[in-house]
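Report on the following structure.
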Amino acid sequence: MFSRRTDWKLTPNRFTETQRELTASRREVLDLTVSNPTRIGLHYEKEAILRSLAQPDSLDYDPQPKGLLSARQAVAGYYREQHSAFDFDPEALILTASTSEAYSYIFRLLCNAQDEVLVPKPSYPLFQFLADLQDVKLVSYPLLYDHGWQIDLPSLYKTVNHRTRALVVVHPNNPTGSFVRGDEIAALNGFCREYNLALIVDEVFLDYPHDGAPRPTFAANRDALTFTLSGLSKISGLPQMKVAWLVTSGPEDKRGEALARLEVIADTYLSMSTPVQLATPVLLEQSKSFQPLLLDRLRTNREELDRQLEKQKTCRRLQVEGGWYAVLRVPVTRSDEELVIELLQKHSVVVHPGHFYDFPMDGCLVVSLITPPQDFREGISRLLEFLK
Ligand SMILES: Cc1ncc(COP(=O)(O)O)c(C=O)c1O
């Protein structure tokens with residue numbers, strides 16, 4: 001009765017099962033994997049946010065496939081202000097309910113069934129589901145770690161073939177926290193031009209460089225057909241509002257055709273609600289109060305992590321340049337899954353095993369740097385004690 005593309009293994013894995021058992025037994029656990037910014041004790045401007053959702057114009061329905069112009073102008077303003085002014089055209093972008101939805105539009109635009117898209121490894125686990133749902137085949141290219149992460153450019157040339165349609169980069173990547181460097185940008189553009197591929201750039205964590213130095217956005221990239229994705233879930237810490245977007249850039253003929261086709265896809269769903277589009281200028285403005293708080297949280301937890309790591313030799317942190325996570329390298333005494341389950345059962349601490357993110361080897365754990373600091377301090381302390 002059901003399609004092959006939804007033939008997922010629906011039973012929970014052992015790690016999730018263990019978590020559920022502990023929750024059912026009401027044991028208090030320290031969760032170092034939190035990714036929900038609305039539940040980490042940060043201050044939000046509640047009144048302004050709620051007021052923005054109650055505008056009288058919400059009573060009128062004015063369906064716009066690309067999204068309401070006022071919302072798109074606010075997004076254009078964000079790129080101009082926060083990512084050094086360039087001639088940003090609100091007509092070049094389409095609003096979507098999530099970056100996941102933006103990925104699905106782009107896969108639909110570019111790929112026939114079983115066409116291939118190149119994705120980084122390790123990276124964000126949702127890609128496989130997004131690809132399955134659009135009948136797209138993912139082919140991974142490695143990120144290599146050698147005093148920092150880098151794209152294995154030669155391997156890109158080995159993975160490309162006549163079915164390849166696009167290259168995905170996550171800037172900075174989740175969970176490695178590595179930005180695409182200037183020399184890599186030039187190489188990626190050259191690669192995409194040579195093989196007639198589109199570049200899909202996920203920039204949801206772009207505003208969170210740990211050294212405070214802003215990195216350039218790809219939204220202005222003109223050297224290859226480029227789709228740049230971002231949204232309010234990370235920019236303003238408002239995932240519940242469901243506002244994201246894709247920006248098109250690149251050679252004008254390709255960009256124009258891509259945009260026209262995407263507009264039809266967006267028109268088919270019209271998935272954005274009117275109240276949230278009208279609220280978008282205010283919700284984007286929240287980034288100015290939210291980001292300093294979140295950057296401060298990242299710094300506090302990173303410093304605490306390093307302070308504790310300094311006192312021992314079993315575990316070390318891999319270099320991280322941006323984003324909300326850190327990767328820890330630990331001795332390989334058993335599989336990552338067995339390690340995190342034992343940590344959870346014996347010490348009530350939740351961390352993610354590296355294989356969730358497709359790390360090619362065991363011995364990698366991922367922790368969230370947005371965790372409330374008290375939990376983070378105690379959780380890391382228990383983890384290091386356990387590893388000893
Ligand atoms: C790399 C990356 N892209 C996209 C998303 C999801 O963003 P959205 O809430 O807009 O779908 C996440 C969420 O954690 C992410 O890590």
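Each chain in the structure tokens gets a letter, A, B and so on, in the order shown; residues start at 1 in every chain, and ligands are counted from 1 in the order they appear.
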Distance limit 10 Å, reference ligand 1, atoms considered: only C-alpha atoms and all ligand atoms. Which residues make the cut? Give them as a ChimeraX atom specification.
/A:35-36,96-103,123-127,169-175,177,201-205,229-235,237-245,323-325
Spatial neighbours of Trp8 of chain A, 12 Å, only C-alpha atoms, chain gap at least 2 places, as a list in words:
Phe2, Ser3, Arg4, Arg5, Thr6, Leu10, Thr11, Pro12, Gln128, Phe129, Asp132 and Leu133 of chain A
Export of the given selection (N, CA and C atoms) as an mmCIF file, in the first residue's frame:
data_model
loop_
_atom_site.group_PDB
_atom_site.id
_atom_site.type_symbol
_atom_site.label_atom_id
_atom_site.label_comp_id
_atom_site.auth_asym_id
_atom_site.auth_seq_id
_atom_site.Cartn_x
_atom_site.Cartn_y
_atom_site.Cartn_z
ATOM 1 N N PHE A 2 2.043 1.200 0.621
ATOM 2 C CA PHE A 2 2.823 2.431 0.806
ATOM 3 C C PHE A 2 4.035 2.524 -0.135
ATOM 4 N N SER A 3 4.467 3.764 -0.335
ATOM 5 C CA SER A 3 5.584 3.984 -1.269
ATOM 6 C C SER A 3 6.912 3.505 -0.670
ATOM 7 N N ARG A 4 7.827 3.145 -1.574
ATOM 8 C CA ARG A 4 9.155 2.731 -1.109
ATOM 9 C C ARG A 4 9.881 3.898 -0.433
ATOM 10 N N ARG A 5 9.574 5.125 -0.908
ATOM 11 C CA ARG A 5 10.328 6.264 -0.362
ATOM 12 C C ARG A 5 9.995 6.545 1.113
ATOM 13 N N THR A 6 8.871 5.966 1.582
ATOM 14 C CA THR A 6 8.549 6.170 3.006
ATOM 15 C C THR A 6 8.758 4.887 3.820
ATOM 16 N N LEU A 10 10.822 2.501 11.436
ATOM 17 C CA LEU A 10 10.098 3.412 12.327
ATOM 18 C C LEU A 10 10.270 3.087 13.812
ATOM 19 N N THR A 11 10.939 1.971 14.091
ATOM 20 C CA THR A 11 11.154 1.649 15.511
ATOM 21 C C THR A 11 12.312 2.503 16.031
ATOM 22 N N PRO A 12 12.225 2.979 17.285
ATOM 23 C CA PRO A 12 13.286 3.843 17.810
ATOM 24 C C PRO A 12 14.600 3.074 17.970
ATOM 25 N N GLN A 128 18.962 13.265 4.580
ATOM 26 C CA GLN A 128 18.549 11.993 3.983
ATOM 27 C C GLN A 128 17.032 11.941 3.819
ATOM 28 N N PHE A 129 16.303 12.436 4.799
ATOM 29 C CA PHE A 129 14.828 12.414 4.719
ATOM 30 C C PHE A 129 14.345 13.374 3.626
ATOM 31 N N ASP A 132 15.042 11.650 0.365
ATOM 32 C CA ASP A 132 14.136 10.506 0.146
ATOM 33 C C ASP A 132 12.776 11.001 -0.346
ATOM 34 N N LEU A 133 12.281 12.042 0.304
ATOM 35 C CA LEU A 133 10.932 12.517 -0.027
ATOM 36 C C LEU A 133 10.847 13.092 -1.435
#
Residues near Glu385 of chain A, anyone? I mean within 12 Å using only C-alpha atoms, not counting same-chain ones fewer than 4 positions away, as a ChimeraX atom specification.
/A:308-309,311-315,343,346-347,349,378-381
What lies within 12 Å of Leu22 of chain A using only C-alpha atoms, ignoring chain neighbours under 3 positions off, as a VMD selection string?
chain A and resid 15 to 19 25 to 30 341 344 to 350
Please list as a PDB file with N, CA and C atoms, in the first residue's frame every residue within 10 Å of segment 57-60 of chain A, counting only C-alpha atoms and excluding residues in the same chain fewer than 3 positions away.
ATOM      1  N   LEU A  53       1.983  39.817  15.740  1.00  0.00           N
ATOM      2  CA  LEU A  53       1.154  38.776  15.116  1.00  0.00           C
ATOM      3  C   LEU A  53      -0.326  39.156  15.042  1.00  0.00           C
ATOM      4  N   ALA A  54      -0.653  40.313  15.591  1.00  0.00           N
ATOM      5  CA  ALA A  54      -2.079  40.689  15.667  1.00  0.00           C
ATOM      6  C   ALA A  54      -2.366  41.937  14.842  1.00  0.00           C
ATOM      7  N   PRO A  63      -2.820  36.430  -1.641  1.00  0.00           N
ATOM      8  CA  PRO A  63      -1.815  35.383  -1.890  1.00  0.00           C
ATOM      9  C   PRO A  63      -0.705  35.834  -2.831  1.00  0.00           C
ATOM     10  N   SER A 273       1.717  31.645   6.226  1.00  0.00           N
ATOM     11  CA  SER A 273       0.493  32.275   6.734  1.00  0.00           C
ATOM     12  C   SER A 273       0.647  33.795   6.681  1.00  0.00           C
ATOM     13  N   THR A 274      -0.476  34.490   6.522  1.00  0.00           N
ATOM     14  CA  THR A 274      -0.436  35.954   6.424  1.00  0.00           C
ATOM     15  C   THR A 274       0.053  36.618   7.725  1.00  0.00           C
ATOM     16  N   PRO A 275      -0.483  36.233   8.910  1.00  0.00           N
ATOM     17  CA  PRO A 275      -0.037  36.932  10.131  1.00  0.00           C
ATOM     18  C   PRO A 275       1.479  36.895  10.309  1.00  0.00           C
ATOM     19  N   VAL A 276       2.078  35.750  10.020  1.00  0.00           N
ATOM     20  CA  VAL A 276       3.524  35.652  10.266  1.00  0.00           C
ATOM     21  C   VAL A 276       4.325  36.453   9.227  1.00  0.00           C
ATOM     22  N   GLN A 277       3.792  36.553   8.012  1.00  0.00           N
ATOM     23  CA  GLN A 277       4.488  37.377   7.011  1.00  0.00           C
ATOM     24  C   GLN A 277       4.418  38.855   7.386  1.00  0.00           C
ATOM     25  N   LEU A 278       3.258  39.277   7.870  1.00  0.00           N
ATOM     26  CA  LEU A 278       3.131  40.675   8.303  1.00  0.00           C
ATOM     27  C   LEU A 278       4.030  40.959   9.505  1.00  0.00           C
ATOM     28  N   ALA A 279       4.255  39.922  10.307  1.00  0.00           N
ATOM     29  CA  ALA A 279       5.085  40.101  11.513  1.00  0.00           C
ATOM     30  C   ALA A 279       6.583  40.035  11.201  1.00  0.00           C
TER      31      ALA A 279
END
Could you give me the residues within segment 147-328 of chain A that DSSP places in strand (DSSP E or B), as a ChimeraX atom specification?
/A:149-151,164-170,198-202,209,226-231,244-249,316-317,322,325-328
Keeping only C-alpha atoms, write the selected residues to a file as a short mmCIF file (atom, residue, chain, number, x, y, z; two decimals), in the first residue's frame.
data_model
loop_
_atom_site.label_atom_id
_atom_site.label_comp_id
_atom_site.auth_asym_id
_atom_site.auth_seq_id
_atom_site.Cartn_x
_atom_site.Cartn_y
_atom_site.Cartn_z
CA TRP A 149 37.94 21.31 8.87
CA GLN A 150 38.24 21.63 5.13
CA ILE A 151 36.40 20.43 2.07
CA THR A 164 24.73 15.13 -10.43
CA ARG A 165 22.58 18.28 -10.26
CA ALA A 166 23.75 20.26 -7.26
CA LEU A 167 26.32 20.69 -4.53
CA VAL A 168 25.18 21.47 -0.97
CA VAL A 169 27.40 23.36 1.46
CA VAL A 170 26.46 24.29 5.02
CA ALA A 198 23.74 24.55 -8.85
CA LEU A 199 25.20 25.53 -5.51
CA ILE A 200 22.85 25.19 -2.51
CA VAL A 201 24.15 27.01 0.56
CA ASP A 202 22.60 26.53 3.99
CA PRO A 209 30.93 33.11 14.26
CA THR A 226 23.25 29.72 -6.24
CA PHE A 227 20.41 29.15 -3.76
CA THR A 228 21.13 30.56 -0.32
CA LEU A 229 18.90 29.33 2.53
CA SER A 230 18.27 30.82 5.93
CA GLY A 231 15.44 31.73 8.28
CA ALA A 244 12.55 30.91 6.16
CA TRP A 245 13.66 31.80 2.64
CA LEU A 246 15.77 30.96 -0.35
CA VAL A 247 17.72 33.61 -2.24
CA THR A 248 18.58 33.11 -5.89
CA SER A 249 21.76 34.53 -7.39
CA ARG A 316 39.65 17.04 23.34
CA ARG A 317 37.56 19.52 21.44
CA GLY A 322 30.80 28.99 14.32
CA TYR A 325 27.60 22.80 18.54
CA ALA A 326 31.01 21.41 19.47
CA VAL A 327 32.57 18.09 18.53
CA LEU A 328 34.54 16.15 21.14
#
note - atom CA of Arg163 of chain A and atom CA of Tyr141 of chain A are separated by 15.4 Å
Select, from A:Tyr61, A:Tyr145, A:Phe88, A:Phe376, the residue with the minimum atom-to-atom distance to Ala219 of chain A, counting only C-alpha atoms.
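Among A:Tyr61, A:Tyr145, A:Phe88, A:Phe376, it is A:Phe88 that comes nearest to Ala219 of chain A.
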Nearest residue to Phe191 of chain A out of A:Leu118, A:Ala131, A:Ala260, A:Ile106, using only C-alpha atoms?
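Among the listed residues, the smallest separation from Phe191 of chain A belongs to A:Leu118.
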How many Å lie between atom CA of Leu294 of chain A and atom CA of Ser368 of chain A, rounded to one decimal?
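Spanning atom CA of Leu294 of chain A to atom CA of Ser368 of chain A is a straight-line distance of 12.1 Å.
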Contacts of Gln291 of chain A within 9 Å, only C-alpha atoms, excl. fewer than 4 positions in-chain, as a PyMOL selection string:
chain A and resi 207-208+235-237+286-287+295-296
Can you spit out the residues from that selection as an mmCIF file, in the first residue's frame, using N, CA and C atoms?
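The result, stored in part25.cif:
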data_model
loop_
_atom_site.group_PDB
_atom_site.id
_atom_site.type_symbol
_atom_site.label_atom_id
_atom_site.label_comp_id
_atom_site.auth_asym_id
_atom_site.auth_seq_id
_atom_site.Cartn_x
_atom_site.Cartn_y
_atom_site.Cartn_z
ATOM 1 N N ASP A 207 25.221 33.809 11.325
ATOM 2 C CA ASP A 207 25.399 34.942 12.249
ATOM 3 C C ASP A 207 26.065 34.556 13.560
ATOM 4 N N TYR A 208 26.585 33.321 13.642
ATOM 5 C CA TYR A 208 27.167 32.881 14.910
ATOM 6 C C TYR A 208 28.642 32.477 14.774
ATOM 7 N N ILE A 235 18.246 32.777 13.110
ATOM 8 C CA ILE A 235 18.616 34.200 13.085
ATOM 9 C C ILE A 235 18.005 34.948 14.271
ATOM 10 N N SER A 236 16.726 34.680 14.573
ATOM 11 C CA SER A 236 16.072 35.366 15.688
ATOM 12 C C SER A 236 15.694 34.400 16.806
ATOM 13 N N GLY A 237 16.095 33.132 16.678
ATOM 14 C CA GLY A 237 15.747 32.147 17.709
ATOM 15 C C GLY A 237 14.245 31.913 17.784
ATOM 16 N N GLN A 286 14.129 41.150 15.979
ATOM 17 C CA GLN A 286 14.468 40.482 17.246
ATOM 18 C C GLN A 286 15.890 39.939 17.237
ATOM 19 N N SER A 287 16.439 39.728 16.045
ATOM 20 C CA SER A 287 17.809 39.196 15.957
ATOM 21 C C SER A 287 18.785 40.113 16.702
ATOM 22 N N LEU A 295 25.153 34.539 21.449
ATOM 23 C CA LEU A 295 26.616 34.509 21.282
ATOM 24 C C LEU A 295 27.296 34.446 22.652
ATOM 25 N N ASP A 296 26.711 35.141 23.618
ATOM 26 C CA ASP A 296 27.257 35.117 24.966
ATOM 27 C C ASP A 296 27.136 33.709 25.569
#
Per-residue nearest contacts of segment 209-249 of chain A to segment 65-87 of chain A (8 Å; only C-alpha atoms) as CSV:
residue,atom,partner,partner_atom,distance
A:Pro214,CA,A:His83,CA,7.8
A:Pro216,CA,A:His83,CA,6.9
A:Thr217,CA,A:His83,CA,6.8
A:Ala220,CA,A:Phe86,CA,7.7
Could you take the residues named above and write them with C-alpha atoms, as a short mmCIF file (atom, residue, chain, number, x, y, z; two decimals), in the first residue's frame?
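Once everything was written out, this is result_26.cif:
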data_model
loop_
_atom_site.label_atom_id
_atom_site.label_comp_id
_atom_site.auth_asym_id
_atom_site.auth_seq_id
_atom_site.Cartn_x
_atom_site.Cartn_y
_atom_site.Cartn_z
CA PRO A 214 31.46 38.17 10.17
CA PRO A 216 30.50 36.62 3.79
CA THR A 217 27.11 35.35 2.70
CA ALA A 220 25.62 37.70 -3.39
#
Secondary structure check, alpha helix (DSSP H) residues of segment 108-227 of chain A, as a VMD selection string:
chain A and resid 108 to 110 127 to 133 153 to 159 182 to 195
What does the file look like for those residues with N, CA and C atoms, as a compact mmCIF listing (two decimals), in the first residue's frame?
# COMPACT_ATOMS: atom_id res chain seq x y z
N ARG A 108 13.09 19.78 -6.10
CA ARG A 108 12.04 19.61 -7.10
C ARG A 108 12.38 20.35 -8.38
N LEU A 109 12.96 21.53 -8.22
CA LEU A 109 13.33 22.35 -9.37
C LEU A 109 14.43 21.69 -10.20
N LEU A 110 15.42 21.09 -9.51
CA LEU A 110 16.63 20.67 -10.21
C LEU A 110 16.65 19.21 -10.63
N PHE A 127 19.11 15.72 5.97
CA PHE A 127 19.26 15.68 4.51
C PHE A 127 18.69 14.41 3.90
N GLN A 128 18.96 13.26 4.58
CA GLN A 128 18.55 11.99 3.98
C GLN A 128 17.03 11.94 3.82
N PHE A 129 16.30 12.44 4.80
CA PHE A 129 14.83 12.41 4.72
C PHE A 129 14.35 13.37 3.63
N LEU A 130 14.98 14.56 3.58
CA LEU A 130 14.57 15.53 2.56
C LEU A 130 14.79 14.95 1.17
N ALA A 131 15.90 14.27 1.01
CA ALA A 131 16.22 13.69 -0.30
C ALA A 131 15.28 12.53 -0.62
N ASP A 132 15.04 11.65 0.37
CA ASP A 132 14.14 10.51 0.15
C ASP A 132 12.78 11.00 -0.35
N LEU A 133 12.28 12.04 0.30
CA LEU A 133 10.93 12.52 -0.03
C LEU A 133 10.85 13.09 -1.43
N LEU A 153 38.43 18.82 -1.70
CA LEU A 153 38.08 19.21 -3.08
C LEU A 153 38.35 18.12 -4.11
N PRO A 154 39.51 17.42 -4.06
CA PRO A 154 39.72 16.37 -5.06
C PRO A 154 38.60 15.32 -5.06
N SER A 155 38.06 15.03 -3.87
CA SER A 155 37.03 13.98 -3.84
C SER A 155 35.73 14.45 -4.50
N LEU A 156 35.51 15.78 -4.55
CA LEU A 156 34.33 16.28 -5.26
C LEU A 156 34.37 15.82 -6.71
N TYR A 157 35.55 15.91 -7.29
CA TYR A 157 35.70 15.54 -8.71
C TYR A 157 35.48 14.06 -8.93
N LYS A 158 35.71 13.26 -7.86
CA LYS A 158 35.49 11.81 -8.00
C LYS A 158 34.01 11.46 -7.86
N THR A 159 33.24 12.30 -7.15
CA THR A 159 31.84 11.94 -6.88
C THR A 159 30.88 12.43 -7.98
N GLY A 182 37.51 31.44 1.87
CA GLY A 182 37.54 32.21 0.62
C GLY A 182 38.07 31.40 -0.56
N ASP A 183 39.19 30.69 -0.36
CA ASP A 183 39.76 29.92 -1.48
C ASP A 183 38.83 28.77 -1.88
N GLU A 184 38.11 28.23 -0.88
CA GLU A 184 37.17 27.14 -1.19
C GLU A 184 35.99 27.66 -2.00
N ILE A 185 35.56 28.90 -1.69
CA ILE A 185 34.42 29.47 -2.43
C ILE A 185 34.76 29.54 -3.92
N ALA A 186 35.95 30.02 -4.23
CA ALA A 186 36.36 30.14 -5.64
C ALA A 186 36.40 28.75 -6.28
N ALA A 187 36.94 27.77 -5.54
CA ALA A 187 37.05 26.42 -6.10
C ALA A 187 35.65 25.81 -6.32
N LEU A 188 34.73 26.05 -5.39
CA LEU A 188 33.37 25.49 -5.52
C LEU A 188 32.64 26.10 -6.72
N ASN A 189 32.83 27.41 -6.89
CA ASN A 189 32.21 28.07 -8.05
C ASN A 189 32.75 27.48 -9.35
N GLY A 190 34.05 27.31 -9.40
CA GLY A 190 34.68 26.74 -10.61
C GLY A 190 34.14 25.35 -10.88
N PHE A 191 34.04 24.54 -9.82
CA PHE A 191 33.54 23.17 -9.93
C PHE A 191 32.09 23.17 -10.46
N CYS A 192 31.24 24.03 -9.88
CA CYS A 192 29.83 24.06 -10.30
C CYS A 192 29.70 24.53 -11.75
N ARG A 193 30.52 25.51 -12.13
CA ARG A 193 30.45 25.98 -13.53
C ARG A 193 30.89 24.88 -14.49
N GLU A 194 31.98 24.20 -14.11
CA GLU A 194 32.53 23.16 -15.00
C GLU A 194 31.52 22.04 -15.25
N TYR A 195 30.76 21.66 -14.20
CA TYR A 195 29.83 20.54 -14.35
C TYR A 195 28.37 20.98 -14.46
Between A:Asn112, A:Leu93, A:Thr268, A:Pro292, which one has atoms that come closest to Lys137 of chain A, using only C-alpha atoms?
A:Asn112
